[in-house]
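Q: Before I ask anything, here is the structure I am working with.
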Amino acid sequence: MRNKGLIIALTVIVTALCGYFLFFTYVSRGVQDKAVAYATKNGKLDEKLRQHYLDSVWRAPVFGPYTYRDVRQSELGLGLDLKGGMHVTLEVSPVEIVRAMSGNSKDPAFNQAISRAQQLQKTNSGTPFTALFAQQYRELAPGKPLARIFANTTNKGRGIDINSTDEKVIGAIDKEVEEAIDRSFDILRTRVDKFGVNQPSIQRVKGTGRLQIELPGVDNPDRVRKLLQGQAKLEFWEVWAQNEVGPYLMQLDQALAAKEALAKASGNTDATTAATTDTAATAAAGDSTSLAAQLAKKDKATAAAKTDSAAANKGGALSRLFTMPGGLGVNVRDTARMNALLRSDEARATLPPNLSLLWSAKPITLDKQEFLRLVPVKKDRNGGAAPLTGEVVSDARQDYDQGGRPEVSVGMNPSGARRWQKMTAANIGRQVAIVLDDYVYSDPVVQSEIAGGNTSISGNFTIEEAQDLAQVLKAGKLPAPTRIVEEAVVGPSLGREAINQGLYSSLAGVVIIMLFMAVYYGRAGMVADVALLFNLFLILGVLAQFGTALTLPGIAGLILVIGMSVDANVLIFERIREELNHGLGLQDAIAKGYSRAFSAIFDSNVTTMLIAVILGFFGTGPVQNFAITLGIGVLTSFLAAVFVSRLIIEWLTKGKETSKISFSTFLSRNLFQNLNFDIVGKRKIAYTFSAVFIIIGFVLMAVQGGPNLGVDFMGGRAYVVDFNKDMVASDVRDAISPSFEGAGLEVKQFGAPNRLRITTGYLADDESVAADARVVTALNNGLQKFSADAPEIKSTSKVGATIADDIKRTSMLSLGLTLLGIFVYVLFRFEKWQYSMAAVVALFHDALLVIAAYPIARVFGLNYEMDQIFVAAVLTIIGFSMNDTVVIYDRIREYLRENPKLTFAQVVNPALNSTFSRTMITFTTVFLVVVVLYIFGGETLRSFSFAMIIGVIFGTYSSLFIATPIILDTYGKKEIRERAAAGEDVTTTPGDAPKLNTAATV
C-alpha cells in the first residue's frame, strides 16, 4: 500500500482529536450524573436542585483548568428531538425597511404596491419582496420613477437621487435589506447567547431573509417568542395630561354616540355598530376627576340605551369600553373593540394627529378582572422620531427598586444623557412614557430634572422578564421586525423516549451487521467489524469537534452510514475471494482485491457525498442534520473501510502466504458461486411490472384525494397530545373538528395507543403569535370533552404557508440537482451518455416507485406522511441505488477493457452475475438496518424507515433489471448492428455466457 506512513499518521491524528473531544462528552455526562445524584431524594428528582448544582459548577473547574461551561461547549450535544427544546425559523420583514427608506411616504401607489407585494409574497416565496414591490408599483404608477419616492435626504448617502433609475433604486434597497438581515443576525445571536441555554444555535438560511435558531432544553416557549420577535424599539415620549386629552375623547365619544343613533334610526346594524353596542358596562366608582369617571357619567336608568336621543346625549361606545376603575383603561376582553374604534373615521377626524393612544405592556388586576391601560403620548405631527430612542442606551441590567421589585436600570451615552436631562427638565410634574415596541412599560411622573443619563424601567416584571428586557436593550434594536414562520417545540419527556428509541435502534443495527459480517466472512468479517466500530467512533468524534448536535434524523443517517459503509468491505472481500478462486496467492489476492475495488468504492462514495452536499445546502432543520451526518459518514467510512481495514489485514498476513484469516465460512463459501442467470432477458417483464406498480399507486393517490403531504409541504400546525388512556383517533377527530371551522384536520395515533398527532390547516396563512394562540385555544376547546382523560400537549410544530412553499420548491430542486449531478458524474467516469441516461431513468424510476408505495400502503392501513424527512429518504435511496449501479457499471467497463472483441450485450449478463453476491449482501445488511430502524426508531422516523425499506428493495431491483438493461436497449443493440456491419462475429446473445479473458485477474 502506497503512502502507508502518511495514512497511519493521519489516522492517529484524527483518532486523537476525536478521542479528545469525546472525552469532554464523558466528563460532561459525569457532572450531570452528579447533579442528578445530588438532587435525588427518596427516589425523586428535584429539578430545581439539579439545576442549582449545575449552576454552581458552571464556572468552576471540573477537569483540570476546564470549567463545566468549557466542557459543555466542546461536548457532543443532543438535538431538540432528543433533549427537548425549541426550533424557530424567523423571517426578517423587508417592508419596514422599504417604508423607512421612503421617508414613510404617503403616496397611494407606493402603499398599495407594498400591500399587493405582501400578498403576492405568500404564493411567490422564491421571488424577492423588492422585485414584487417594483413590479406592482410600475403597474399602479406607470411612467412614474421610484426615484420620486426614494430621492430624499435619508438616501443621499446610498447614491439615490432624482435621476436614479428604478434598477438603481431597487439595488440600493436590496443592499439595505441584506445589511439589515446581517444586523438582525448579529443582534439575535447576542440575545440567544445570553438566554442561558447550553449550545444554542443560530444560522442564516442561504438566499433568504430567514434565520434558524435552536434552543435545546428550553421550557418556556412564550418567553423565547418574546425574546426573538421583540424589535427592541425603545422610545421616550411626553404624555398628555388628562385635562388635555379629555375633551378630545369626550368629543369622539359623542361622535360615536351620534353614529349609533343614526344607525338605529335607519335600522342599519352594520358590523361596526354591532361590535360596539354589545358592551354596556359602566365605570366603577373611582377618582371623580379622572377622565374615565368623566366619560362614564351616565344616567343609571337603562332607558338611555333605548332611545336615539338618549344614546346621542348620554355617551357612546367609547365611554362604555372605558371600565377600569380610576383610570383610562379597558377590560382585556374589549381591547379588539377599542382598537377598531381608534381606527374608525370618527377617531381620525376627531383626535389630533400628535395624539397616539398606546397600550400598557402588562394588564392590571382589579376586582378579579384584568384591565389594560391606554396611555396618551404626545407624538410629532409629521410622524417623526421620538425625542429620545434606544440608540442612546449604553448599558442595561436587571435591578430592584426600593420595594424589592424587579426593574431594568438603563445607562445612556453622553449625548443621550444630555437629551434626557433636557426632556425631564421640561416635564417636571408631568408624565414621561417609556415605550418598547409600541407598548408602554412605565409612565412615571417626573419629580425633578435627571442628570447623568441613568433611569429605570418598571412594569410589574418577573425577574426573568426584567432580565430578558435588559438583554434585548443591551443587544440593540432590530433594524426590521421579525416573524416566526416555522416553529417546533419538543417536550423533554418525548426527548427521553427518542433517546431510548435511537439508542436501541443504533445498538441493534450495529450488532446485527457485525454478526452478519462475522458469520459470512469469518475472521475477515471481524476485521470489518473493527473498522465499523472505528468508523462509528470517528463520526461521533467529528460531530463533537464541529459542535454539531446529534438528532434523531442524525441517528438515522448514522445507522444508514453504518449499513452502507459495510458495502466497501463487501466489495473488497468479494474481490479478494475472486482472486483467491482464480489461484492467486494470499498477499497478491489482498493487494489485487483492494486495488480493483477502489474505483467502485470511490464512485459510490462520490455519488453519496453529492447527495449529502445537496441536502445540506437546500435542506433545513432535521434534513440538514441528516445530511451532515451522512456527509461525515461517507468520509470516515472511506478511511475506515479502505485504509484502516487494509492496515489490519496486511498486519495479520505480513510475511505469510497461508494465514488463519479467512474471507469466507462454510455457510458462504459456495453461496452465489458460478451463477448464470439471464437477468437482462427478463427486462421486459421488469419494465411492465414497474409501469403497472407506478400507475396503480398514482391512481390510488388520485382516488385518495392527492398525496398525504405533511405540515412541511402544506403549511399548518401539528400537536402531539398524550392522554391517560388509549384513545380512538376517529372519536377525537369528530369531537374537535367543529372547533377548527371546517379547516383541514388529521388525527392519528403516534407511536402509542394513548398518544395522538393532530394536524390542522386552520389559520395556516396567519403566522402571527395571536393565530398560534387561537389554534391552541380551538384545540383545547375541542379536547374539553376528554378532560377526564387528561390531554396534555407534548410537542408543537408550525410551518407557515410561505416556508411550506419554499420547502416544496427546494425539495424538487434537490431532486433535480441530484439527478443532474449524477448524470454529469457518470458521463465523466464512463464516457458514454447512454450510461448516464440509463442511471438517471432508473433512479427517477426508484423515486416514483417509493412515492407510489405510499398510497398503496394507505389501502392496507399504513398511513404515512410525505415530509422533509421523506425527501431525505428518497434522495438516500437514490444514493443507495446508484451505488449498486456504479458497481455493475464498473464491472462492465472492466470486462470490456479486458475483452475488447466482445460487445456490451455479450458482457452484460456475466457482469451482473459476477456482482450479484455483492449486490445481495449489501442489500441484506442495509435492509436489516432499516427494518430495525422501522421497529425501534420511533414514530418520528417511521415514514423515513418505511420509505427506506421500499427503496432498498426497489433500488436493488432497478440496478439489476432497469438501469443496465436500458443501456442494452439504447446502446448495446446499436453496437451489435454497427459491428455486424463491419463483419465482426457478434452472434452471442445476451443470455449466453461467453468465455471471458481473465488474464488480467488471474
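Every chain in the C-alpha cells has a letter given in the order shown (A, B, ...), and although residue numbers restart at 1 in each chain, ligands are simply numbered from 1 in the order shown.
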Neighbours of region 710-722 of chain A within 6 Å (only C-alpha atoms; same-chain residues fewer than 2 positions away dropped), as number ranges by chain?

A: A: 754-761, 764, 791-801, 804, 808, 865-867

Q: Identify, on the basis of only C-alpha atoms, every residue whose closest approach to Pro406 (chain A) does not exceed 12 Å; exclude the query and any residue fewer than 4 positions from it along the same chain; express the result as a ChimeraX atom specification.

A: /A:397-402,456-470

Q: What lies within 9 Å of region 416-420 of chain A using only C-alpha atoms, ignoring chain neighbours under 4 positions off, as a PyMOL selection string?

A: chain A and resi 236+387-389+391-393+411-412+424-425+449-454

Q: Which residues, written as a PyMOL selection string, have at least one atom at most 8 Å from Leu188 (chain A), with only C-alpha atoms counted and residues fewer than 3 positions away on the same chain left out?

A: chain A and resi 184-185+191-192+228+475

Q: Residues of region 36-91 of chain A in strand (DSSP E) according to DSSP, as a VMD selection string?

A: chain A and resid 40 to 41 44 to 45 61 to 63 66 to 67 85 to 91

Q: Those residues with C-alpha atoms, as a short mmCIF file (atom, residue, chain, number, x, y, z; two decimals), in the first residue's frame please?

A:
```
data_model
loop_
_atom_site.label_atom_id
_atom_site.label_comp_id
_atom_site.auth_asym_id
_atom_site.auth_seq_id
_atom_site.Cartn_x
_atom_site.Cartn_y
_atom_site.Cartn_z
CA THR A 40 -32.48 12.93 44.09
CA LYS A 41 -34.14 12.49 47.47
CA LYS A 44 -37.49 11.54 43.43
CA LEU A 45 -35.57 14.02 41.31
CA PRO A 61 -13.12 23.71 37.15
CA VAL A 62 -14.44 20.17 36.61
CA PHE A 63 -11.48 18.73 34.67
CA TYR A 66 -11.63 23.42 32.20
CA THR A 67 -14.85 24.67 33.74
CA GLY A 85 -36.41 22.39 23.34
CA MET A 86 -37.43 24.79 20.62
CA HIS A 87 -36.61 25.27 16.94
CA VAL A 88 -37.61 28.56 15.33
CA THR A 89 -37.30 29.97 11.83
CA LEU A 90 -37.57 33.76 11.81
CA GLU A 91 -38.16 35.90 8.76
#
```

Q: Smallest atom-to-atom distance to Leu819 (chain A): which of A:Ala790, A:Thr608, A:Ser739, A:Gly681, using only C-alpha atoms?

A: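 Between A:Ala790, A:Thr608, A:Ser739, A:Gly681, the residue approaching Leu819 (chain A) most closely is A:Thr608.
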
Q: Find the spatial neighbours of Leu610 (chain A), counting only C-alpha atoms, within a cut-off of 10 Å - ignore same-chain residues fewer than 4 positions away - and output them as a list in words.

A: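 Result of the neighbour search: Ser604, Asn605, Val606, Ile614, Leu615, Gly616, Gly631, Leu817, Thr818, Gly821, Ile822, Tyr825 and Gly879 of chain A.
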
Q: Selection from above, C-alpha atoms, as a JSON list (two decimals), in the first residue's frame, can you write it?

A:
```json
[["chain", "number", "residue", "atom", "x", "y", "z"],
["A", 604, "SER", "CA", -20.21, 5.15, -4.98],
["A", 605, "ASN", "CA", -18.86, 7.43, -2.23],
["A", 606, "VAL", "CA", -18.76, 10.42, -4.57],
["A", 614, "ILE", "CA", -27.27, 18.94, -1.94],
["A", 615, "LEU", "CA", -29.34, 18.02, 1.12],
["A", 616, "GLY", "CA", -27.06, 20.05, 3.36],
["A", 631, "GLY", "CA", -21.53, 13.50, 4.64],
["A", 817, "LEU", "CA", -29.92, 18.71, -8.99],
["A", 818, "THR", "CA", -29.15, 15.25, -7.61],
["A", 821, "GLY", "CA", -25.16, 15.81, -10.79],
["A", 822, "ILE", "CA", -25.25, 12.02, -11.12],
["A", 825, "TYR", "CA", -20.52, 12.41, -12.96],
["A", 879, "GLY", "CA", -27.69, 7.19, -3.48]]
```

Q: Phe133 (chain A): which residues within 7 Å, counting only C-alpha atoms, same-chain residues fewer than 5 positions away excluded, as a PDB file with N, CA and C atoms, in the first residue's frame?

A:
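File produced: selection_19.pdb:
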```
ATOM      1  N   ALA A 113     -48.765  49.334  -3.583  1.00  0.00           N
ATOM      2  CA  ALA A 113     -47.786  48.383  -4.131  1.00  0.00           C
ATOM      3  C   ALA A 113     -47.200  47.516  -3.029  1.00  0.00           C
ATOM      4  N   ILE A 114     -46.955  48.108  -1.873  1.00  0.00           N
ATOM      5  CA  ILE A 114     -46.444  47.324  -0.742  1.00  0.00           C
ATOM      6  C   ILE A 114     -47.467  46.279  -0.309  1.00  0.00           C
ATOM      7  N   ALA A 117     -47.607  43.499  -2.872  1.00  0.00           N
ATOM      8  CA  ALA A 117     -46.394  42.676  -2.821  1.00  0.00           C
ATOM      9  C   ALA A 117     -46.422  41.732  -1.633  1.00  0.00           C
TER      10      ALA A 117
END
```

Q: May I ask for the distance between CA of Ser881 (chain A) and CA of Ser958 (chain A), given in Å to one decimal place?

A: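 Straight-line distance from CA of Ser881 (chain A) to CA of Ser958 (chain A) works out to 7.5 Å.
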
Q: Could you pull out the alpha helix (DSSP H) residues of region 341-450 of chain A, going by DSSP on the backbone, and write them as a PyMOL selection string?

A: chain A and resi 341-342+345-350+414-425

Q: Identify which of the residues A:Ile950, A:Val92, A:Val57, A:Ala852 lies closest to Met701 (chain A), counting only C-alpha atoms when measuring atom-to-atom distances.

A: A:Ala852

Q: Measure the distance from CA of Lys48 (chain A) to CA of Lys34 (chain A) in Å and round it to one decimal.

A: 14.2 Å

Q: Please determine, counting only C-alpha atoms, which residue among A:Leu538, A:Val886, A:Leu827, A:Ile649 has the shortest atom-to-atom distance to Leu17 (chain A).

A: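 Residue with the minimum atom-to-atom distance to Leu17 (chain A): A:Leu538.
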
Q: Have a look at CA of Gly563 (chain A) and CA of Val871 (chain A) and let me know their distance in Å, one decimal.

A: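 Taking CA of Gly563 (chain A) and CA of Val871 (chain A), their separation equals 19.6 Å.
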
Q: Return the single residue from A:Gly103, A:Pro376, A:Gly230, A:Gly143 that is closest to Asn243 (chain A), with distances computed using only C-alpha atoms.

A: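 Checking each candidate against Asn243 (chain A), we get A:Pro376 as the closest.
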